[in-house]
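What follows is a set of notes on a single structure, which appears directly below.
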Amino acid sequence: MCGIAGILKRSGQGPAEREDITGIIPLLAHRGPDNRSIHLDGDVALAHTRLSIIDLSSGDQPMHSADGTLSLCANGEIYNYLELREELKERGCVFTTNSDSECILQAYRVYGADCVHSLHGMFAFALYDRNERRLLLARDRLGIKPLYYAFCRNRLVFASEIKALLPLLDHSPEINISGLNQFMQNQFQTGPETIVRGVYRVLPGEMLLVQDDLSIQSSEYWSALTTEPRQMSYAQAQEEFDHLFPQVLQEHLRSDVPYGLFLSGGVDSAVLLAMLHRYQDKTVRTFSIGYKDTSMRDELEEASFISSKFPTQHTPIHIDQQDLFRRIVYSIWTADELMRDYAQLPTTYLAEQASQELKVVLTGEGGDEVFAGYGRYRGGIESWIKSLLSPGSGGFRTRSQMRDKWLRRIYGPELRAVQNEFRDPFISAYGQTPRNWSRLQRRQYTDIATALPDNLLLKVDKMLMGFGLEGRVPFLDHRIVRFGLALPDELKIRSGQGKAFLRQWAEQYLPRDYLHKKKSGFHVPVGDWLSGSFLQGLCELLPRHRGIREYFRHQEVAKLLERHRLKGGLTREVWSLMQFAIWFNLFIERDKTLPTSEEDPLDWIR
């Protein structure tokens with residue numbers, strides 16, 4: 001797990017200079033605290049910050065071929081590197097390290113750009129081919145690892161995080177107004193564009209071939225859309241999954257350093273705990289989180305219960321309002337992108353605690369998308385009515401998360417012009433799905449293509465890497481995704497409860513009552529705590545903030561804040577405005593001071 005960055009200058013514009021890229025290394029240091037390196041080769045400069053997981057002694061990057069014609073910097077893990085290594089040796093490749101990343105380099109020598117098809121794992125990498133004078137940028141199939149790029153001053157720049165690109169731009173960063181609208185109404189922005197105008201994502205399952213004239217050839221090397229629905233009984237599905245899941249999990253457990261597990265009160269992390277116990281003989285290191293001084297129920301009791309069923313060293317973490325709110329600034333800085341997922345705050349505490357003794361944790365993300373665990377997938381008469389009122393996505397993701405009355409009041413002219421476009425990504429994704437898919441499968445895919453990479457996985461990667469911790473997500477191995485998506489509906493939803501197949505399959509390892517309890521979700525008591533002197537500070541500062549005044553009607557923002565102070569009920573709106581103001585100061589105003597992990601949010605709005 002690492003941070004990568006680089007520059008490719010247009011041919012004839014002079015060589016890439018070390019000073020062009022040196023200054024951005026500190027902005028990626030949290031992703032790779034173990035080592036940092038820069039490689040210069042004519043038109044290209046590559047930078048790498050390393051978190052050592054596999055081959056601790058000789059896996060430093062950028063990595064080069066024996067003849068010096070290929071250079072690689074990669075982020076992530078290639079889980080099938082042992083099998084791939086043997087295959088490539090048979091093709092004449094000679095390895096000089098035991099690093100999983102070297103498999104990318106050697107696979108490219110044999111297969112060219114098609115090497116991505118042979119890689120199982122989570123990755124974002126840049127490979128420069130001096131002979132072909134081209135740069136290959138690629139991202140894993142599900143978008144587990146991030147990769148961004150931009151064009152400026154006759155050069156292409158790329159990095160693991162947006163913040164590392166901003167010093168390389170030839171202009172002050174500007175806001176993508178459509179992205180801001182998506183954040184306000186959807187909680188995140190999705191698609192090739194980002195919240196910063198002119199900065200783009202390499203999409204999940206995409207690779208870019210960039211020639212020395214900076215022309216780009218984009219290709220999608222993998223898509224869940226090619227999944228064929230399958231008719232099978234539970235017994236048939238169980239037999240297949242009995243072989244598939246252990247294979248995937250054992251690949252995910254390859255590491256030269258200890259690993260742990262984030263344990264919630266849900267099914268997915270409990271399944272991982274049971275499988276870890278089955279396939280390794282060490283005591284499993286687990287972590288869970290809960291809240292003090294709130295009426296909201298947390299998951300510590302369930303996590304403690306399930307941890308007691310196995311040999312674990314379990315750490316419950318308790319945080320209060322001050323703990324949570326003092327993480328706001330750092331979580332926004334580490335995220336880069338605007339996302340209103342309250343869970344990113346407690347996730348930073350889990351990451352900080354685990355990183356004190358580990359470099360790798362497993363998490364249960366993806367189980368709900370792959371096996372249809374969310375209630376929103378089930379549809380019904382309400383969904384049918386929504387599809388009539390808001391066509392295009394089968395009654396799925398039809399409503400803004402904000403109250404339309406207040407959006408109309410607080411939006412400035414630019415935002416009002418794009419206000420009705422917030423559903424476009426969901427309509428597009430839903431419309432791409434094959435007609436022989438069920439409505440349930442189409443809903444699963446819509447989330448897999450949008451909310452999964454650009455909200456859920458963004459949270460996992462950025463919050464954990466903010467503390468130099470690698471997160472592995474076995475349920476999002478592409479083979480598991482295809483298996484779950486292809487299952488018939490009756491194996492996913494039964495008696496009004498989602499994730500039916502996984503619950504039944506796990507009965508051989510976990511208590512049945514625990515598996516079939518009602519899904520509760522991972523909640524954070526922001527609504528309880530957004531009050532008092534902190535809220536009063538927001539009421540005073542936000543209407544005066546430059547970013548708020550530029551994109552919103554500050555008089556109406558003041559009224560919204562006062563309405564929430566007196567009567568409550570507008571937590572999402574207030575929180576989003578606060579996040580935007582802090583993000584604006586961090587990335588648009590670009591205060592040179594980097595935030596620590598403990599900050600007073602009000603100090604970053606002034």
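Residue names in the structure tokens use chain letters A, B, ... in the order shown, residue numbers from 1 in each chain, and ligand numbers from 1 in the order shown.
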
Using 12 Å as the limit and counting only C-alpha atoms, can you tabulate each residue of stretch 88-181 of chain A that touches stretch 195-207 of chain A, with its shortest atom-to-atom distance in Å and the two atoms involved, as CSV?
```
residue,atom,partner,partner_atom,distance
A:Ala113,CA,A:Met207,CA,8.4
A:Asp114,CA,A:Met207,CA,9.7
A:Cys115,CA,A:Met207,CA,10.8
A:Val116,CA,A:Met207,CA,8.4
A:His117,CA,A:Gly205,CA,9.8
A:Leu119,CA,A:Gly205,CA,11.4
A:His120,CA,A:Gly205,CA,11.8
A:Gly121,CA,A:Gly205,CA,11.6
A:Met122,CA,A:Pro204,CA,10.3
A:Phe123,CA,A:Pro204,CA,10.0
A:Ala124,CA,A:Val202,CA,8.9
A:Phe125,CA,A:Met207,CA,9.6
A:Ala126,CA,A:Met207,CA,9.8
A:Leu127,CA,A:Met207,CA,11.0
A:Leu135,CA,A:Met207,CA,10.3
A:Leu136,CA,A:Met207,CA,6.9
A:Leu137,CA,A:Met207,CA,5.5
A:Ala138,CA,A:Met207,CA,4.2
A:Arg139,CA,A:Pro204,CA,5.7
A:Asp140,CA,A:Gly205,CA,5.4
A:Arg141,CA,A:Gly205,CA,3.9
A:Leu142,CA,A:Pro204,CA,5.2
A:Gly143,CA,A:Pro204,CA,4.2
A:Ile144,CA,A:Pro204,CA,7.9
A:Lys145,CA,A:Pro204,CA,8.7
A:Pro146,CA,A:Arg201,CA,7.7
A:Leu147,CA,A:Val202,CA,5.6
A:Tyr148,CA,A:Arg201,CA,4.5
A:Tyr149,CA,A:Tyr200,CA,5.4
A:Ala150,CA,A:Val199,CA,4.8
A:Phe151,CA,A:Gly198,CA,7.4
A:Cys152,CA,A:Gly198,CA,9.1
A:Leu156,CA,A:Val199,CA,10.6
A:Val157,CA,A:Val199,CA,9.5
A:Phe158,CA,A:Val199,CA,9.2
A:Ala159,CA,A:Arg201,CA,9.9
A:Ser160,CA,A:Arg201,CA,9.8
A:Glu161,CA,A:Arg201,CA,9.9
A:Ile162,CA,A:Val199,CA,7.6
A:Lys163,CA,A:Val196,CA,10.1
A:Ala164,CA,A:Val199,CA,11.3
A:Leu165,CA,A:Val199,CA,8.3
A:Leu166,CA,A:Val199,CA,9.1
A:Leu168,CA,A:Val199,CA,11.3
A:Leu169,CA,A:Gly198,CA,9.4
A:Asp170,CA,A:Gly198,CA,11.0
A:His171,CA,A:Gly198,CA,10.4
A:Ser172,CA,A:Arg197,CA,10.2
A:Pro173,CA,A:Val196,CA,6.5
A:Glu174,CA,A:Arg197,CA,5.5
A:Ile175,CA,A:Val196,CA,4.9
A:Asn176,CA,A:Arg197,CA,4.6
A:Ile177,CA,A:Ile195,CA,7.5
A:Ser178,CA,A:Ile195,CA,7.9
A:Gly179,CA,A:Ile195,CA,4.8
A:Leu180,CA,A:Ile195,CA,6.3
A:Asn181,CA,A:Ile195,CA,9.5
```

Against stretch 544-566 of chain A, which residues of stretch 415-526 of chain A fall within 12 Å? For each one I want the closest pair of atoms and the distance in Å (one decimal), counting only C-alpha atoms, rows by chain and increasing residue number, as JSON lines.
```
{"residue": "A:Leu415", "atom": "CA", "partner": "A:Tyr551", "partner_atom": "CA", "distance": 7.0}
{"residue": "A:Arg416", "atom": "CA", "partner": "A:Phe552", "partner_atom": "CA", "distance": 9.5}
{"residue": "A:Ala417", "atom": "CA", "partner": "A:Tyr551", "partner_atom": "CA", "distance": 11.7}
```

Tell me, counting only C-alpha atoms, for each residue of stretch 266-301 of chain A within 12 Å of stretch 498-502 of chain A, which pair of atoms is nearest and how far apart they are in Å to one decimal, in rows ordered by chain and increasing number, as a tab-separated table.
```
residue	atom	partner	partner_atom	distance
A:Gly266	CA	A:Lys499	CA	11.6
A:Val267	CA	A:Leu502	CA	8.5
A:Asp268	CA	A:Leu502	CA	8.6
A:Ser269	CA	A:Leu502	CA	11.9
A:Ala270	CA	A:Leu502	CA	11.3
A:Val271	CA	A:Leu502	CA	8.8
A:Leu272	CA	A:Leu502	CA	11.6
```

| request: For A:Pro525, work out the shell of residues within 12 Å, counting only C-alpha atoms and skipping chain neighbours fewer than 2 positions away, then give it as a list of chain:residue names. | output: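 Non-adjacent residues within range: A:Gly290, A:Tyr291, A:Lys292, A:Asp293, A:Thr294, A:Ser295, A:Met296, A:Arg297, A:Asp298, A:Ile319, A:Asp320, A:Gln321, A:Leu324, A:Phe325, A:Tyr342, A:Ala343, A:Leu345, A:Pro346, A:Phe522, A:His523, A:Gly527, A:Asp528, A:Trp529, A:Leu530, A:Ser531, A:Thr571.
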
| Interatomic distance (Å, one decimal) between atom CA of A:Glu540 and atom CA of A:Gly569 | 19.1 Å

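Using only C-alpha atoms for every distance, the candidate list A:Val44, A:Cys2, A:Val284, A:Val94 yields A:Val44 as the residue closest to A:Gly14.
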